[in-house]
$ cat start.cif   # mmCIF, C-alpha atoms
data_input
#
loop_
_atom_site.group_PDB
_atom_site.id
_atom_site.type_symbol
_atom_site.label_atom_id
_atom_site.label_comp_id
_atom_site.auth_asym_id
_atom_site.auth_seq_id
_atom_site.Cartn_x
_atom_site.Cartn_y
_atom_site.Cartn_z
ATOM 1 C CA ASP A 26 -77.079 -110.321 -192.970
ATOM 2 C CA ASP A 27 -74.195 -112.191 -191.353
ATOM 3 C CA TYR A 28 -71.595 -109.945 -192.960
ATOM 4 C CA ALA A 29 -73.502 -106.797 -191.980
ATOM 5 C CA PHE A 30 -73.681 -107.818 -188.313
ATOM 6 C CA LEU A 31 -70.039 -108.939 -188.322
ATOM 7 C CA ILE A 32 -68.934 -105.537 -189.630
ATOM 8 C CA GLN A 33 -71.087 -103.821 -187.010
ATOM 9 C CA ALA A 34 -69.505 -105.927 -184.262
ATOM 10 C CA LEU A 35 -65.980 -105.104 -185.468
ATOM 11 C CA ILE A 36 -66.761 -101.376 -185.409
ATOM 12 C CA GLN A 37 -68.063 -101.686 -181.854
ATOM 13 C CA LEU A 38 -65.047 -103.726 -180.754
ATOM 14 C CA GLN A 39 -62.758 -100.964 -181.970
ATOM 15 C CA GLU A 40 -64.659 -98.404 -179.918
ATOM 16 C CA ILE A 41 -64.392 -100.537 -176.782
ATOM 17 C CA THR A 42 -60.758 -101.618 -177.131
ATOM 18 C CA GLY A 43 -59.134 -98.863 -179.189
ATOM 19 C CA ASN A 44 -57.654 -101.567 -181.449
ATOM 20 C CA THR A 45 -57.787 -100.139 -184.982
ATOM 21 C CA ASN A 46 -57.152 -103.567 -186.500
ATOM 22 C CA TYR A 47 -60.866 -104.192 -186.013
ATOM 23 C CA LEU A 48 -61.650 -101.211 -188.251
ATOM 24 C CA GLU A 49 -59.250 -102.454 -190.909
ATOM 25 C CA GLN A 50 -61.010 -105.833 -190.878
ATOM 26 C CA ALA A 51 -64.405 -104.119 -191.078
ATOM 27 C CA LYS A 52 -63.234 -102.099 -194.084
ATOM 28 C CA ARG A 53 -61.981 -105.194 -195.929
ATOM 29 C CA ILE A 54 -65.213 -107.106 -195.330
ATOM 30 C CA THR A 55 -67.268 -104.098 -196.438
ATOM 31 C CA GLU A 56 -65.320 -103.914 -199.688
ATOM 32 C CA TYR A 57 -66.031 -107.627 -200.200
ATOM 33 C CA VAL A 58 -69.751 -107.138 -199.541
ATOM 34 C CA ILE A 59 -69.953 -104.213 -201.978
ATOM 35 C CA GLU A 60 -68.213 -106.253 -204.645
ATOM 36 C CA ASN A 61 -70.197 -109.463 -204.211
ATOM 37 C CA PHE A 62 -73.636 -108.631 -202.784
ATOM 38 C CA LYS A 63 -74.678 -105.276 -204.260
ATOM 39 C CA GLU A 64 -77.797 -105.045 -206.391
ATOM 40 C CA PRO A 65 -76.593 -103.577 -209.711
ATOM 41 C CA SER A 66 -79.606 -101.304 -210.236
ATOM 42 C CA THR A 67 -79.762 -99.887 -206.683
ATOM 43 C CA ASP A 68 -77.588 -99.185 -203.654
ATOM 44 C CA PHE A 69 -79.057 -102.113 -201.710
ATOM 45 C CA PHE A 70 -77.586 -105.561 -201.058
ATOM 46 C CA PHE A 71 -78.866 -109.081 -201.717
ATOM 47 C CA PHE A 72 -78.796 -111.945 -199.209
ATOM 48 C CA THR A 73 -76.842 -114.066 -201.691
ATOM 49 C CA GLY A 74 -73.622 -113.331 -203.550
ATOM 50 C CA LYS A 75 -73.293 -112.699 -207.258
ATOM 51 C CA ASN A 76 -71.632 -116.067 -207.856
ATOM 52 C CA GLN A 77 -74.396 -118.155 -206.288
ATOM 53 C CA ARG A 78 -76.322 -119.661 -209.218
ATOM 54 C CA ASP A 79 -78.778 -121.984 -207.464
ATOM 55 C CA VAL A 80 -81.139 -119.177 -206.381
ATOM 56 C CA VAL A 81 -84.041 -118.392 -208.712
ATOM 57 C CA VAL A 82 -84.970 -115.067 -207.100
ATOM 58 C CA LYS A 83 -82.455 -113.131 -205.034
ATOM 59 C CA LYS A 84 -83.885 -111.715 -201.839
ATOM 60 C CA LYS A 85 -83.155 -108.400 -200.175
ATOM 61 C CA GLU A 86 -84.599 -107.183 -196.887
ATOM 62 C CA ILE A 87 -85.248 -103.575 -195.919
ATOM 63 C CA TYR A 88 -87.813 -103.829 -193.107
ATOM 64 C CA ASP A 89 -86.599 -103.742 -189.511
ATOM 65 C CA GLY A 90 -88.416 -106.168 -187.258
ATOM 66 C CA ALA A 91 -87.333 -107.974 -184.102
ATOM 67 C CA GLN A 92 -83.986 -108.157 -185.889
ATOM 68 C CA PRO A 93 -82.748 -105.176 -187.925
ATOM 69 C CA SER A 94 -82.615 -105.700 -191.666
ATOM 70 C CA GLY A 95 -79.241 -106.440 -193.196
ATOM 71 C CA ASN A 96 -79.554 -103.439 -195.505
ATOM 72 C CA ALA A 97 -80.259 -101.052 -192.622
ATOM 73 C CA VAL A 98 -77.231 -102.344 -190.724
ATOM 74 C CA MET A 99 -75.065 -102.084 -193.860
ATOM 75 C CA ALA A 100 -76.193 -98.494 -194.416
ATOM 76 C CA ASP A 101 -75.175 -97.690 -190.845
ATOM 77 C CA ASN A 102 -71.842 -99.498 -191.327
ATOM 78 C CA LEU A 103 -71.129 -97.604 -194.534
ATOM 79 C CA TYR A 104 -71.880 -94.287 -192.870
ATOM 80 C CA ARG A 105 -69.606 -94.988 -189.876
ATOM 81 C CA LEU A 106 -66.728 -96.474 -191.851
ATOM 82 C CA GLY A 107 -67.068 -93.561 -194.264
ATOM 83 C CA LEU A 108 -66.335 -91.275 -191.312
ATOM 84 C CA TYR A 109 -63.556 -93.414 -189.852
ATOM 85 C CA PHE A 110 -61.709 -93.671 -193.172
ATOM 86 C CA ASP A 111 -62.927 -90.411 -194.770
ATOM 87 C CA LYS A 112 -64.680 -92.181 -197.636
ATOM 88 C CA PRO A 113 -67.374 -89.745 -198.814
ATOM 89 C CA ASP A 114 -68.610 -92.242 -201.401
ATOM 90 C CA TRP A 115 -69.573 -94.701 -198.641
ATOM 91 C CA ARG A 116 -71.386 -92.004 -196.676
ATOM 92 C CA GLU A 117 -73.183 -90.895 -199.842
ATOM 93 C CA LYS A 118 -74.169 -94.497 -200.573
ATOM 94 C CA ALA A 119 -75.735 -94.755 -197.103
ATOM 95 C CA SER A 120 -77.612 -91.500 -197.714
ATOM 96 C CA ARG A 121 -78.882 -92.728 -201.077
ATOM 97 C CA MET A 122 -80.120 -95.956 -199.483
ATOM 98 C CA ILE A 123 -82.165 -93.890 -197.036
ATOM 99 C CA SER A 124 -83.406 -91.478 -199.723
ATOM 100 C CA SER A 125 -84.599 -94.328 -201.930
ATOM 101 C CA LEU A 126 -87.060 -95.366 -199.214
ATOM 102 C CA GLY A 127 -88.860 -92.039 -199.608
ATOM 103 C CA ASN A 128 -91.205 -91.072 -196.797
ATOM 104 C CA ALA A 129 -91.655 -94.660 -195.602
ATOM 105 C CA ILE A 130 -89.147 -94.239 -192.746
ATOM 106 C CA VAL A 131 -91.032 -91.276 -191.283
ATOM 107 C CA ARG A 132 -94.515 -92.670 -191.952
ATOM 108 C CA TYR A 133 -93.806 -96.178 -190.616
ATOM 109 C CA PRO A 134 -90.996 -95.783 -188.056
ATOM 110 C CA THR A 135 -91.783 -99.089 -186.311
ATOM 111 C CA SER A 136 -90.874 -100.900 -189.532
ATOM 112 C CA PHE A 137 -87.739 -98.833 -190.138
ATOM 113 C CA GLY A 138 -86.215 -98.347 -186.685
ATOM 114 C CA VAL A 139 -82.534 -98.596 -187.640
ATOM 115 C CA TRP A 140 -83.125 -96.531 -190.777
ATOM 116 C CA ALA A 141 -84.833 -93.821 -188.689
ATOM 117 C CA GLY A 142 -81.930 -93.695 -186.250
ATOM 118 C CA LEU A 143 -79.432 -93.285 -189.063
ATOM 119 C CA LEU A 144 -81.581 -90.649 -190.777
ATOM 120 C CA LEU A 145 -81.681 -88.660 -187.536
ATOM 121 C CA GLU A 146 -77.909 -88.936 -187.135
ATOM 122 C CA ILE A 147 -77.175 -87.850 -190.691
ATOM 123 C CA THR A 148 -79.535 -84.908 -190.218
ATOM 124 C CA SER A 149 -78.261 -83.784 -186.808
ATOM 125 C CA GLY A 150 -74.583 -84.693 -187.228
ATOM 126 C CA THR A 151 -72.183 -87.135 -185.612
ATOM 127 C CA ASN A 152 -70.019 -86.522 -182.549
ATOM 128 C CA GLU A 153 -66.513 -87.551 -183.584
ATOM 129 C CA ILE A 154 -64.560 -88.267 -180.392
ATOM 130 C CA ALA A 155 -60.830 -88.941 -180.242
ATOM 131 C CA VAL A 156 -58.899 -89.833 -177.088
ATOM 132 C CA VAL A 157 -55.103 -89.591 -177.076
ATOM 133 C CA ALA A 158 -53.118 -90.545 -173.973
ATOM 134 C CA ASP A 159 -50.273 -92.725 -172.753
ATOM 135 C CA LYS A 160 -52.956 -94.949 -171.217
ATOM 136 C CA PRO A 161 -56.238 -94.130 -172.974
ATOM 137 C CA GLN A 162 -58.270 -97.054 -171.606
ATOM 138 C CA PRO A 163 -59.325 -95.499 -168.253
ATOM 139 C CA ILE A 164 -60.899 -92.375 -169.769
ATOM 140 C CA LEU A 165 -62.206 -94.400 -172.722
ATOM 141 C CA SER A 166 -64.074 -96.616 -170.246
ATOM 142 C CA GLN A 167 -65.557 -93.523 -168.599
ATOM 143 C CA ILE A 168 -66.747 -92.168 -171.949
ATOM 144 C CA LEU A 169 -68.379 -95.493 -172.786
ATOM 145 C CA LYS A 170 -70.418 -95.275 -169.572
ATOM 146 C CA GLU A 171 -71.998 -92.020 -170.748
ATOM 147 C CA TYR A 172 -75.039 -91.992 -173.003
ATOM 148 C CA ILE A 173 -73.668 -90.247 -176.097
ATOM 149 C CA PRO A 174 -75.770 -91.070 -179.153
ATOM 150 C CA HIS A 175 -74.696 -90.350 -182.708
ATOM 151 C CA LYS A 176 -70.988 -90.810 -182.205
ATOM 152 C CA ILE A 177 -67.860 -92.458 -183.498
ATOM 153 C CA LEU A 178 -65.059 -93.022 -181.013
ATOM 154 C CA MET A 179 -61.349 -93.690 -181.346
ATOM 155 C CA SER A 180 -58.527 -93.874 -178.829
ATOM 156 C CA SER A 181 -54.780 -94.141 -179.272
ATOM 157 C CA GLU A 182 -51.430 -93.494 -177.652
ATOM 158 C CA THR A 183 -50.236 -91.587 -180.705
ATOM 159 C CA ALA A 184 -51.528 -89.683 -183.704
ATOM 160 C CA SER A 185 -52.208 -91.639 -186.897
ATOM 161 C CA ASN A 186 -52.433 -90.400 -190.472
ATOM 162 C CA VAL A 187 -54.342 -93.551 -191.459
ATOM 163 C CA PHE A 188 -57.427 -92.321 -189.622
ATOM 164 C CA PRO A 189 -58.504 -88.687 -190.087
ATOM 165 C CA LEU A 190 -59.910 -88.497 -186.568
ATOM 166 C CA LEU A 191 -56.480 -89.322 -185.081
ATOM 167 C CA SER A 192 -54.449 -87.249 -187.528
ATOM 168 C CA GLY A 193 -52.510 -84.426 -185.895
ATOM 169 C CA LYS A 194 -53.728 -85.239 -182.404
ATOM 170 C CA VAL A 195 -51.035 -84.464 -179.831
ATOM 171 C CA ASN A 196 -50.240 -86.748 -176.904
ATOM 172 C CA SER A 197 -49.392 -84.487 -173.971
ATOM 173 C CA GLY A 198 -48.926 -87.461 -171.653
ATOM 174 C CA GLU A 199 -52.200 -86.931 -169.866
ATOM 175 C CA ALA A 200 -55.578 -87.807 -171.324
ATOM 176 C CA THR A 201 -56.616 -85.471 -174.115
ATOM 177 C CA VAL A 202 -60.110 -85.696 -175.570
ATOM 178 C CA TYR A 203 -61.130 -84.085 -178.837
ATOM 179 C CA LEU A 204 -64.709 -83.455 -179.947
ATOM 180 C CA CYS A 205 -65.028 -82.930 -183.687
ATOM 181 C CA ARG A 206 -67.661 -82.496 -186.388
ATOM 182 C CA ASN A 207 -66.616 -83.168 -189.976
ATOM 183 C CA TYR A 208 -63.036 -83.452 -188.641
ATOM 184 C CA SER A 209 -63.167 -79.857 -187.350
ATOM 185 C CA CYS A 210 -62.342 -80.064 -183.656
ATOM 186 C CA GLU A 211 -63.050 -78.026 -180.553
ATOM 187 C CA ASN A 212 -60.210 -77.230 -178.173
ATOM 188 C CA PRO A 213 -59.296 -80.492 -176.415
ATOM 189 C CA VAL A 214 -60.469 -81.270 -172.894
ATOM 190 C CA SER A 215 -59.109 -83.614 -170.249
ATOM 191 C CA THR A 216 -62.219 -84.921 -168.489
ATOM 192 C CA VAL A 217 -65.384 -86.746 -169.467
ATOM 193 C CA GLU A 218 -67.445 -84.075 -167.735
ATOM 194 C CA ALA A 219 -65.938 -81.395 -169.965
ATOM 195 C CA LEU A 220 -66.569 -83.551 -173.039
ATOM 196 C CA VAL A 221 -70.238 -84.040 -172.139
ATOM 197 C CA ASP A 222 -70.585 -80.305 -171.559
ATOM 198 C CA LEU A 223 -69.124 -79.614 -175.010
ATOM 199 C CA ILE A 224 -71.570 -82.037 -176.615
ATOM 200 C CA ARG A 225 -74.529 -80.454 -174.851
ATOM 201 C CA ARG A 226 -73.515 -77.037 -176.173
ATOM 202 C CA LYS A 227 -73.206 -78.224 -179.783
#
$ encode --input "start.cif" --output "structure tokens"
Amino acid sequence: DDYAFLIQALIQLQEITGNTNYLEQAKRITEYVIENFKEPSTDFFFFTGKNQRDVVVKKKEIYDGAQPSGNAVMADNLYRLGLYFDKPDWREKASRMISSLGNAIVRYPTSFGVWAGLLLEITSGTNEIAVVADKPQPILSQILKEYIPHKILMSSETASNVFPLLSGKVNSGEATVYLCRNYSCENPVSTVEALVDLIRRK
């Protein structure tokens, strides 16, 4: 659970600050979790690592209660990092985790809140938002004030081939905002109002 929530926090910190180092850290920790905590026969994760020998029965949690389950948060992390780094295998793993729960998510949504949110996002699609500007923070702060569910968000002063969402994005000096789906982008806009209007028309 701790690793899952740490990864989630790093992803959110990147969105707020635009610092892609947080995403790199999240990716490294995710790789560690996959290597050391995965259940061999499923796509889920145990609470304890593979090298811990003093546990008779390894526990895994899938039900969301007052605190989301570690597996639900990891599925969400895998989906988002899969988009940020264009790792289809991570997105597919998240989808398989959801599929393996069958109809339980729909029948008992109060016990699978995070799962249900991710299922809805995978079904309806994710708003991929990229901000490129000499000083991206002001418009980034405005975007963060808007209620835009089902999104990933990156900001930068320059294009970056490391991240597909920032690849080929031109800095014209002024704020340029791209709205994409599956890395296919609409014509860029320069205001938050125009971005929100684009999202509403999707």
$ resolve_selection --input "start.cif" --expression "the PyMOL selection byres ((chain A and resi 217) around 9)" --output "PyMOL selection string"
chain A and resi 164-165+167-168+171+202+214-216+218-222
$ residues_near_point --input "start.cif" --point "(-73.9, -102.3, -194.4)" --cutoff "9 Å" --atoms "only C-alpha atoms" --output "list in words"
Asp26, Tyr28, Ala29, Phe30, Ile32, Gln33, Thr55, Val58, Ile59, Phe69, Phe70, Gly95, Asn96, Ala97, Val98, Met99, Ala100, Asp101, Asn102, Leu103, Tyr104 and Ala119 of chain A
$ resolve_selection --input "start.cif" --expression "the PyMOL selection byres ((chain A and resi 141) around 12)" --output "VMD selection string"
chain A and resid 88 to 89 93 97 to 98 100 to 101 120 122 to 124 126 to 140 142 to 148
$ atom_distance --input "start.cif" --atom1 "atom CA of A:Pro174" --atom2 "atom CA of A:Ala158"
23.2 Å
$ resolve_selection --input "start.cif" --expression "the PyMOL selection byres ((chain A and resi 109) around 7)" --output "JSON, numbers by chain"
{"A": [105, 106, 107, 108, 110, 111, 188, 189, 190]}
$ write_last_selection --input "start.cif" --atoms "C-alpha atoms" --output "PDB file, in the frame of the given file"
ATOM      1  CA  ARG A 105     -69.606 -94.988-189.876  1.00  0.00           C
ATOM      2  CA  LEU A 106     -66.728 -96.474-191.851  1.00  0.00           C
ATOM      3  CA  GLY A 107     -67.068 -93.561-194.264  1.00  0.00           C
ATOM      4  CA  LEU A 108     -66.335 -91.275-191.312  1.00  0.00           C
ATOM      5  CA  PHE A 110     -61.709 -93.671-193.172  1.00  0.00           C
ATOM      6  CA  ASP A 111     -62.927 -90.411-194.770  1.00  0.00           C
ATOM      7  CA  PHE A 188     -57.427 -92.321-189.622  1.00  0.00           C
ATOM      8  CA  PRO A 189     -58.504 -88.687-190.087  1.00  0.00           C
ATOM      9  CA  LEU A 190     -59.910 -88.497-186.568  1.00  0.00           C
TER      10      LEU A 190
END
$ residues_around --input "start.cif" --residues "A:Asn152" --least-positions-apart "2" --cutoff "8 Å" --atoms "all atoms listed in the file" --output "ChimeraX atom specification"
/A:150,154,175-177,204-206,224
$ atom_distance --input "start.cif" --atom1 "atom CA of A:Lys118" --atom2 "atom CA of A:Asn207"
17.3 Å
$ atom_distance --input "start.cif" --atom1 "atom CA of A:Ser94" --atom2 "atom CA of A:Phe72"
10.5 Å
$ residues_around --input "start.cif" --residues "stretch 44-54 of chain A" --least-positions-apart "5" --cutoff "6 Å" --atoms "all atoms listed in the file" --output "list in words"
Ile32, Leu35, Ile36 and Gln39 of chain A
$ closest_residue --input "start.cif" --among "A:Ala91, A:Leu178, A:Ile173, A:Leu191" --to "A:Gly43" --atoms "all atoms listed in the file"
A:Leu178
$ closest_residue --input "start.cif" --among "A:Leu31, A:Glu153, A:Ser166, A:Asp159" --to "A:Tyr203" --atoms "only C-alpha atoms"
A:Glu153
$ closest_residue --input "start.cif" --among "A:Val187, A:Leu223, A:Ile87, A:Leu169" --to "A:Glu211" --atoms "all atoms listed in the file"
A:Leu223
$ closest_residue --input "start.cif" --among "A:Ala155, A:Thr73, A:Lys63, A:Lys227" --to "A:Ser192" --atoms "all atoms listed in the file"
A:Ala155
$ residues_near_point --input "start.cif" --point "(-46.7, -87.3, -169.5)" --cutoff "12 Å" --atoms "only C-alpha atoms" --output "PyMOL selection string"
chain A and resi 157-160+182+195-201
